[in-house]
>>> print(open('final34.cif').read())   # mmCIF, C-alpha atoms
data_data
#
loop_
_atom_site.label_atom_id
_atom_site.label_comp_id
_atom_site.auth_asym_id
_atom_site.auth_seq_id
_atom_site.Cartn_x
_atom_site.Cartn_y
_atom_site.Cartn_z
CA LEU A 1 -64.83 41.17 66.83
CA THR A 2 -61.56 41.16 64.93
CA ALA A 3 -60.48 44.64 63.87
CA ALA A 4 -61.92 45.44 60.45
CA PRO A 5 -60.26 47.68 57.84
CA HIS A 6 -61.62 51.23 57.56
CA HIS A 7 -63.29 50.56 54.21
CA ALA A 8 -65.47 47.92 55.90
CA LEU A 9 -67.43 50.76 57.49
CA ASP A 10 -68.35 52.39 54.17
CA TYR A 11 -71.81 51.90 52.64
CA GLY A 12 -70.48 48.72 51.10
CA ASP A 13 -71.69 46.23 48.54
CA PRO A 14 -75.51 45.98 48.47
CA ARG A 15 -75.11 42.21 48.26
CA GLY A 16 -73.68 42.26 51.78
CA ARG A 17 -70.21 42.22 53.33
CA PRO A 18 -67.94 39.70 51.58
CA GLU A 19 -66.85 38.32 54.97
CA LEU A 20 -70.43 37.40 55.83
CA ARG A 21 -71.26 36.02 52.40
CA ALA A 22 -68.17 33.80 52.51
CA ALA A 23 -69.02 32.62 56.03
CA LEU A 24 -72.62 31.92 55.04
CA ALA A 25 -71.53 29.97 51.96
CA GLY A 26 -69.43 27.66 54.12
CA TYR A 27 -72.05 27.27 56.84
CA LEU A 28 -75.01 26.66 54.52
CA SER A 29 -73.06 24.10 52.53
CA ARG A 30 -72.06 22.23 55.68
CA ALA A 31 -75.24 22.52 57.73
CA ARG A 32 -78.05 22.66 55.16
CA GLY A 33 -76.67 21.08 51.99
CA VAL A 34 -76.95 24.33 50.02
CA ARG A 35 -74.80 24.50 46.88
CA THR A 36 -73.43 28.02 46.69
CA GLY A 37 -70.53 30.42 46.66
CA PRO A 38 -70.40 33.97 48.06
CA GLU A 39 -71.28 35.42 44.65
CA ARG A 40 -74.73 33.80 44.80
CA ILE A 41 -75.64 35.26 48.21
CA VAL A 42 -77.45 38.53 48.89
CA VAL A 43 -77.83 39.64 52.51
CA CYS A 44 -81.10 41.36 53.41
CA ALA A 45 -82.80 42.93 56.42
CA GLY A 46 -84.97 39.98 57.34
CA PHE A 47 -87.02 37.52 55.30
CA VAL A 48 -89.72 40.10 54.55
CA HIS A 49 -87.14 42.40 52.97
CA GLY A 50 -85.85 39.53 50.84
CA LEU A 51 -89.35 38.62 49.69
CA LYS A 52 -90.04 42.24 48.74
CA LEU A 53 -86.92 42.30 46.59
CA LEU A 54 -87.84 39.00 44.94
CA GLY A 55 -91.37 40.23 44.29
CA THR A 56 -90.01 43.35 42.61
CA VAL A 57 -87.66 41.35 40.39
CA LEU A 58 -90.25 38.71 39.51
CA ARG A 59 -92.78 41.36 38.49
CA ALA A 60 -90.14 43.13 36.39
CA ARG A 61 -89.51 39.81 34.66
CA GLY A 62 -93.19 39.61 33.72
CA ALA A 63 -94.38 37.21 36.42
CA ARG A 64 -98.06 37.41 37.36
CA THR A 65 -98.78 34.63 39.86
CA VAL A 66 -96.94 33.02 42.76
CA ALA A 67 -98.36 29.73 44.03
CA VAL A 68 -98.29 29.53 47.83
CA GLU A 69 -99.19 27.02 50.50
CA SER A 70 -102.77 26.74 51.75
CA TYR A 71 -101.43 27.47 55.24
CA GLY A 72 -98.86 30.17 55.94
CA LEU A 73 -98.25 33.76 57.03
CA ASP A 74 -100.70 36.22 55.49
CA VAL A 75 -98.03 38.94 55.50
CA HIS A 76 -96.22 37.07 52.74
CA GLY A 77 -99.27 37.30 50.52
CA ARG A 78 -99.58 41.02 51.21
CA ILE A 79 -95.93 41.58 50.27
CA LEU A 80 -96.35 39.75 46.98
CA ALA A 81 -99.59 41.62 46.27
CA ALA A 82 -97.80 44.93 46.86
CA SER A 83 -95.39 43.89 44.10
CA GLY A 84 -98.31 43.37 41.72
CA LEU A 85 -98.36 39.57 42.03
CA ASP A 86 -101.37 37.35 42.63
CA THR A 87 -101.19 34.35 44.97
CA ALA A 88 -102.86 31.01 44.38
CA PRO A 89 -103.01 28.39 47.17
CA LEU A 90 -101.84 24.83 46.50
CA PRO A 91 -103.57 21.76 47.97
CA PHE A 92 -102.20 20.31 51.22
CA ASP A 93 -102.39 16.74 52.55
CA ARG A 94 -100.43 14.34 54.76
CA LEU A 95 -97.47 14.48 52.32
CA GLY A 96 -97.32 18.27 52.52
CA THR A 97 -98.02 20.81 49.81
CA ASP A 98 -98.95 19.36 46.41
CA PRO A 99 -97.31 21.26 43.52
CA GLY A 100 -99.47 19.49 40.95
CA ALA A 101 -101.90 22.41 40.72
CA ALA A 102 -99.19 25.02 40.03
CA SER A 103 -99.39 24.83 36.24
CA GLY A 104 -100.29 28.51 35.77
CA ALA A 105 -97.83 29.93 38.31
CA ASP A 106 -94.56 31.70 37.57
CA ALA A 107 -93.05 30.87 40.98
CA LEU A 108 -93.79 28.83 44.11
CA LEU A 109 -93.23 29.96 47.71
CA LEU A 110 -93.15 27.23 50.33
CA THR A 111 -91.58 25.90 53.56
CA PRO A 112 -90.41 22.41 52.53
CA ALA A 113 -88.24 21.43 55.51
CA HIS A 114 -90.92 22.19 58.14
CA GLN A 115 -94.24 23.45 56.82
CA PHE A 116 -95.49 26.47 58.71
CA PRO A 117 -97.73 26.09 60.60
CA MET A 118 -98.75 22.45 59.99
CA GLY A 119 -95.29 21.20 61.00
CA VAL A 120 -94.68 18.43 58.44
CA PRO A 121 -91.69 18.06 56.09
CA LEU A 122 -92.41 17.91 52.39
CA HIS A 123 -92.41 14.30 51.21
CA ARG A 124 -89.45 13.32 49.04
CA ASP A 125 -91.71 12.61 46.05
CA ARG A 126 -93.15 16.12 46.33
CA ARG A 127 -89.64 17.59 46.55
CA THR A 128 -88.76 15.87 43.30
CA ALA A 129 -92.02 17.02 41.73
CA LEU A 130 -91.24 20.62 42.67
CA VAL A 131 -87.89 20.55 40.92
CA ASP A 132 -89.42 18.81 37.92
CA TRP A 133 -92.07 21.56 37.73
CA ALA A 134 -89.42 24.28 37.80
CA ARG A 135 -87.34 22.63 35.08
CA ARG A 136 -90.36 21.94 32.88
CA THR A 137 -91.94 25.39 33.14
CA GLY A 138 -88.94 27.63 33.72
CA GLY A 139 -90.55 28.70 37.00
CA LEU A 140 -88.76 29.54 40.23
CA VAL A 141 -89.11 27.85 43.63
CA LEU A 142 -88.71 30.13 46.67
CA GLU A 143 -87.62 28.00 49.63
CA ASP A 144 -88.34 29.58 53.01
CA ASP A 145 -85.96 27.79 55.41
CA TYR A 146 -87.11 29.72 58.45
CA ASP A 147 -86.09 27.24 61.18
CA GLY A 148 -83.71 24.84 59.44
CA GLU A 149 -81.37 24.45 62.44
CA PHE A 150 -83.97 23.10 64.87
CA ARG A 151 -84.55 19.36 64.43
CA TYR A 152 -85.21 17.08 67.39
CA ASP A 153 -86.49 13.59 66.54
CA ARG A 154 -85.17 13.04 63.04
CA GLN A 155 -82.24 13.84 60.83
CA PRO A 156 -82.26 17.34 59.32
CA VAL A 157 -84.07 17.68 56.01
CA GLY A 158 -81.56 19.03 53.51
CA ALA A 159 -82.25 22.22 51.62
CA LEU A 160 -84.37 21.83 48.51
CA GLN A 161 -81.93 24.17 46.77
CA GLY A 162 -79.36 21.39 46.74
CA LEU A 163 -81.46 19.54 44.14
CA ASP A 164 -81.29 22.38 41.60
CA PRO A 165 -79.39 25.58 42.51
CA ASP A 166 -80.45 27.25 39.26
CA ARG A 167 -84.18 26.84 39.86
CA VAL A 168 -84.49 27.16 43.64
CA VAL A 169 -83.92 30.31 45.72
CA HIS A 170 -82.95 29.45 49.30
CA LEU A 171 -84.00 32.03 51.92
CA GLY A 172 -82.63 31.78 55.45
CA THR A 173 -82.73 34.01 58.50
CA ALA A 174 -81.15 34.61 61.90
CA SER A 175 -84.54 35.48 63.40
CA LYS A 176 -85.12 32.05 64.96
CA SER A 177 -81.52 31.14 65.80
CA LEU A 178 -80.53 34.55 67.22
CA ALA A 179 -83.20 37.27 67.37
CA PRO A 180 -85.81 38.82 65.03
CA GLY A 181 -84.64 42.31 65.92
CA LEU A 182 -81.23 41.63 64.42
CA ARG A 183 -82.86 41.95 60.96
CA LEU A 184 -80.40 39.74 59.14
CA ALA A 185 -81.36 37.21 56.51
CA TRP A 186 -79.91 35.91 53.26
CA MET A 187 -80.90 34.67 49.85
CA VAL A 188 -78.98 32.10 47.80
CA LEU A 189 -79.85 32.84 44.18
CA PRO A 190 -79.09 31.66 40.65
CA PRO A 191 -76.29 33.88 39.24
CA ARG A 192 -78.42 36.04 36.91
CA LEU A 193 -81.10 36.51 39.54
CA ALA A 194 -78.45 37.47 42.12
CA GLU A 195 -77.41 40.35 39.86
CA GLU A 196 -81.01 41.50 39.42
CA VAL A 197 -81.80 41.33 43.13
CA ALA A 198 -78.63 43.27 43.99
CA ALA A 199 -79.62 45.92 41.45
CA ALA A 200 -83.14 46.11 42.91
CA LYS A 201 -81.61 46.55 46.36
CA GLY A 202 -79.75 49.64 45.16
CA GLY A 203 -76.39 51.15 46.01
CA VAL A 204 -77.24 52.29 49.55
CA ASP A 205 -79.81 49.69 50.63
CA THR A 206 -77.47 47.78 52.92
CA CYS A 207 -77.77 46.06 56.28
CA GLY A 208 -75.79 47.12 59.34
CA VAL A 209 -72.10 46.51 58.64
CA LEU A 210 -71.16 45.84 62.26
CA ASP A 211 -73.96 43.29 62.60
CA GLN A 212 -72.79 41.57 59.41
CA LEU A 213 -69.17 41.43 60.51
CA THR A 214 -70.16 40.15 63.93
CA LEU A 215 -72.31 37.37 62.44
CA ALA A 216 -69.47 36.46 60.06
CA GLU A 217 -67.08 35.99 62.97
CA PHE A 218 -69.75 34.12 64.94
CA LEU A 219 -70.06 31.68 62.05
CA THR A 220 -66.37 31.21 61.25
CA SER A 221 -65.27 30.84 64.89
CA GLY A 222 -67.66 27.96 65.56
CA ALA A 223 -69.54 29.98 68.19
CA TYR A 224 -72.72 29.95 66.09
CA ASP A 225 -72.71 26.13 65.92
CA ARG A 226 -72.23 25.91 69.69
CA HIS A 227 -75.03 28.41 70.25
CA VAL A 228 -77.43 26.48 68.00
CA ARG A 229 -76.64 23.17 69.72
CA ALA A 230 -77.36 24.69 73.12
CA ALA A 231 -80.55 26.35 71.87
CA ARG A 232 -81.70 23.09 70.27
CA LEU A 233 -81.37 21.28 73.60
CA ARG A 234 -83.20 24.04 75.47
CA TYR A 235 -86.08 24.14 72.99
CA ARG A 236 -86.38 20.36 72.90
CA ARG A 237 -86.85 20.35 76.66
CA ARG A 238 -89.54 22.99 76.33
CA ARG A 239 -91.28 21.03 73.62
CA ASP A 240 -91.20 17.86 75.72
CA ALA A 241 -92.68 19.73 78.70
CA LEU A 242 -95.44 21.17 76.51
CA VAL A 243 -96.34 17.76 75.06
CA ALA A 244 -96.37 16.13 78.50
CA ALA A 245 -98.51 18.87 80.01
CA VAL A 246 -101.10 18.87 77.24
CA THR A 247 -101.28 15.07 77.16
CA ALA A 248 -101.85 14.86 80.90
CA ARG A 249 -104.15 17.86 81.41
CA ALA A 250 -105.98 18.37 78.13
CA PRO A 251 -106.44 14.94 76.52
CA GLN A 252 -108.94 16.25 73.96
CA ALA A 253 -106.17 18.30 72.35
CA ARG A 254 -103.70 16.46 70.11
CA VAL A 255 -100.16 17.78 69.70
CA THR A 256 -98.75 17.47 66.16
CA GLY A 257 -95.80 18.80 64.17
CA ILE A 258 -93.39 18.28 67.05
CA ALA A 259 -90.30 16.87 65.30
CA ALA A 260 -88.78 20.25 64.51
CA GLY A 261 -89.03 24.00 64.86
CA LEU A 262 -90.21 26.30 67.64
CA HIS A 263 -93.94 25.72 67.45
CA VAL A 264 -96.49 22.91 67.60
CA LEU A 265 -99.97 22.53 66.17
CA LEU A 266 -102.59 21.66 68.78
CA ARG A 267 -105.58 20.02 67.11
CA LEU A 268 -108.84 20.74 68.93
CA PRO A 269 -112.32 19.22 68.95
CA ALA A 270 -114.44 20.52 66.08
CA GLY A 271 -116.00 23.91 66.67
CA THR A 272 -113.82 24.94 69.62
CA GLU A 273 -111.00 26.97 68.01
CA GLN A 274 -112.59 30.41 68.31
CA SER A 275 -113.70 29.98 71.92
CA VAL A 276 -110.26 28.70 72.99
CA VAL A 277 -108.49 31.61 71.26
CA GLN A 278 -110.83 34.06 73.03
CA ALA A 279 -110.25 32.40 76.41
CA ALA A 280 -106.50 32.58 75.85
CA HIS A 281 -106.79 36.28 75.02
CA TRP A 282 -108.59 36.91 78.31
CA ARG A 283 -105.69 35.24 80.15
CA GLY A 284 -103.08 37.29 78.31
CA LEU A 285 -101.87 34.42 76.13
CA ALA A 286 -100.86 35.34 72.57
CA LEU A 287 -102.33 32.32 70.79
CA HIS A 288 -103.58 32.16 67.22
CA GLY A 289 -105.95 29.70 65.65
CA LEU A 290 -105.17 27.89 62.42
CA ALA A 291 -107.81 30.00 60.67
CA ARG A 292 -105.47 32.99 60.91
CA TYR A 293 -102.91 31.16 58.75
CA THR A 294 -105.30 29.74 56.15
CA HIS A 295 -105.27 31.29 52.68
CA PRO A 296 -108.72 32.77 51.93
CA ALA A 297 -108.94 30.83 48.66
CA ALA A 298 -107.73 27.50 50.08
CA ARG A 299 -110.01 24.52 49.53
CA ALA A 300 -108.78 22.61 52.56
CA GLU A 301 -111.23 21.03 54.98
CA PRO A 302 -111.74 23.28 58.03
CA VAL A 303 -109.50 22.18 60.92
CA ASP A 304 -109.81 23.49 64.46
CA ALA A 305 -106.32 23.96 65.86
CA LEU A 306 -103.98 26.31 67.68
CA VAL A 307 -100.51 27.37 66.55
CA VAL A 308 -98.45 27.44 69.75
CA GLY A 309 -94.92 28.84 69.76
CA TYR A 310 -92.70 27.81 72.66
CA GLY A 311 -89.57 29.84 71.98
CA THR A 312 -90.68 33.24 73.23
CA PRO A 313 -91.50 32.99 76.98
CA PRO A 314 -88.48 33.61 79.24
CA ASP A 315 -87.40 30.68 81.38
CA HIS A 316 -88.90 32.12 84.57
CA ALA A 317 -92.33 32.42 82.90
CA TRP A 318 -92.36 29.09 81.07
CA SER A 319 -94.18 26.94 83.64
CA GLY A 320 -96.77 29.68 84.17
CA ALA A 321 -97.36 29.91 80.43
CA LEU A 322 -97.89 26.14 80.28
CA ASP A 323 -100.41 26.33 83.14
CA ALA A 324 -102.32 29.11 81.41
CA LEU A 325 -102.35 27.20 78.12
CA CYS A 326 -103.68 24.00 79.66
CA ALA A 327 -106.33 25.95 81.54
CA VAL A 328 -107.95 27.18 78.30
CA LEU A 329 -107.79 23.85 76.43
CA PRO A 330 -110.79 21.48 76.45
CA GLY A 331 -110.20 18.84 79.13
#
>>> encode(input="final34.cif", output="structure tokens")
Amino acid sequence: LTAAPHHALDYGDPRGRPELRAALAGYLSRARGVRTGPERIVVCAGFVHGLKLLGTVLRARGARTVAVESYGLDVHGRILAASGLDTAPLPFDRLGTDPGAASGADALLLTPAHQFPMGVPLHRDRRTALVDWARRTGGLVLEDDYDGEFRYDRQPVGALQGLDPDRVVHLGTASKSLAPGLRLAWMVLPPRLAEEVAAAKGGVDTCGVLDQLTLAEFLTSGAYDRHVRAARLRYRRRRDALVAAVTARAPQARVTGIAAGLHVLLRLPAGTEQSVVQAAHWRGLALHGLARYTHPAARAEPVDALVVGYGTPPDHAWSGALDALCAVLPG
């Protein structure tokens, strides 16, 4: 880490260190097609922290409802509810989330590049419809780009924010590319909203300065790009091994959502999800069924499936984890 001036170790700007915001602006523009400058970026302590800040600002603006995807992390709904916001699930089909039912919402939260956990990219017509909705209603689109760096079998899907930087908030994180415990994420915001979010963050609500400066140097030196390329190759090999093992040893399970990310969706025969999850628990496997990620008010047809992440096991435990997974799947 290049020596930093003494003032860099003060409490600092609640928006984040200028070195990191400048580095992020360059990286996001190059790698994800985000249209931004450092003044639009606010650094936060993980995605959850960013969503809390956005919920606070949206509620202060008079927002009541955030439309969300039928499938997603329930913690996001709890965060929005804690800010006084209701969530309403949007329909989902083979083209991804359908924004057509969002007429009464003040904002939309979704994962357009790689829907979590279903694993599909949002169709280009739906991307256009989202931006049209935001322009027509004055609403805000919150783009969760949680694993944007990891694409295997297709070209990267550019950030939705690039279509309308004044209506789309781009949220990114180092949790997948580096480590969740680092607690570093960022928001790319419209100018007025950036000011409001920084104010909501407060004068002393800052992330670790040394971590920020280290990430800034990692980005500007090219080391981050090299790290991501190596990680992408490693995770692709894991994904290929998982697909091959399931295909050969558990033909009743169908692997989907494999073109990107660090997880797959394993579709199961009808009525077997709960029993497979229980069997996995007995073997010490941390598997979750799709039911865990389904919004309670979603109208989607019930689907039996497992959400299987392949980024966590250490290399020495990977083949054993695959064996244990295949052992609990219907043959």
>>> resolve_selection(input="final34.cif", expression="the PyMOL selection byres ((chain A and resi 295) around 8)", output="number ranges by chain")
A: 69-72, 74, 89, 293-294, 296-298
>>> residues_around(input="final34.cif", residues="Pro18 in chain A", least_positions_apart="6", cutoff="10 Å", atoms="only C-alpha atoms", output="list in words")
Ala8, Gly12, Leu24, Pro38, Glu39, Ile41, Val42, Val43, Gln212, Leu213 and Ala216 of chain A
>>> resolve_selection(input="final34.cif", expression="the PyMOL selection byres ((chain A and resi 268) around 6)", output="PyMOL selection string")
chain A and resi 253+267+269+304-305
>>> atom_distance(input="final34.cif", atom1="CA of Asp315 in chain A", atom2="CA of Arg237 in chain A")
11.4 Å
>>> atom_distance(input="final34.cif", atom1="CA of Leu182 in chain A", atom2="CA of Pro14 in chain A")
17.5 Å
>>> resolve_selection(input="final34.cif", expression="the PyMOL selection byres ((chain A and resi 207) around 6)", output="CSV table (one decimal) with C-alpha atoms, in the frame of the given file")
chain,number,residue,atom,x,y,z
A,45,ALA,CA,-82.8,42.9,56.4
A,206,THR,CA,-77.5,47.8,52.9
A,208,GLY,CA,-75.8,47.1,59.3
>>> closest_residue(input="final34.cif", among="A:Arg192, A:His49, A:Arg299, A:His316", to="Gly172 in chain A", atoms="all atoms listed in the file")
A:His49
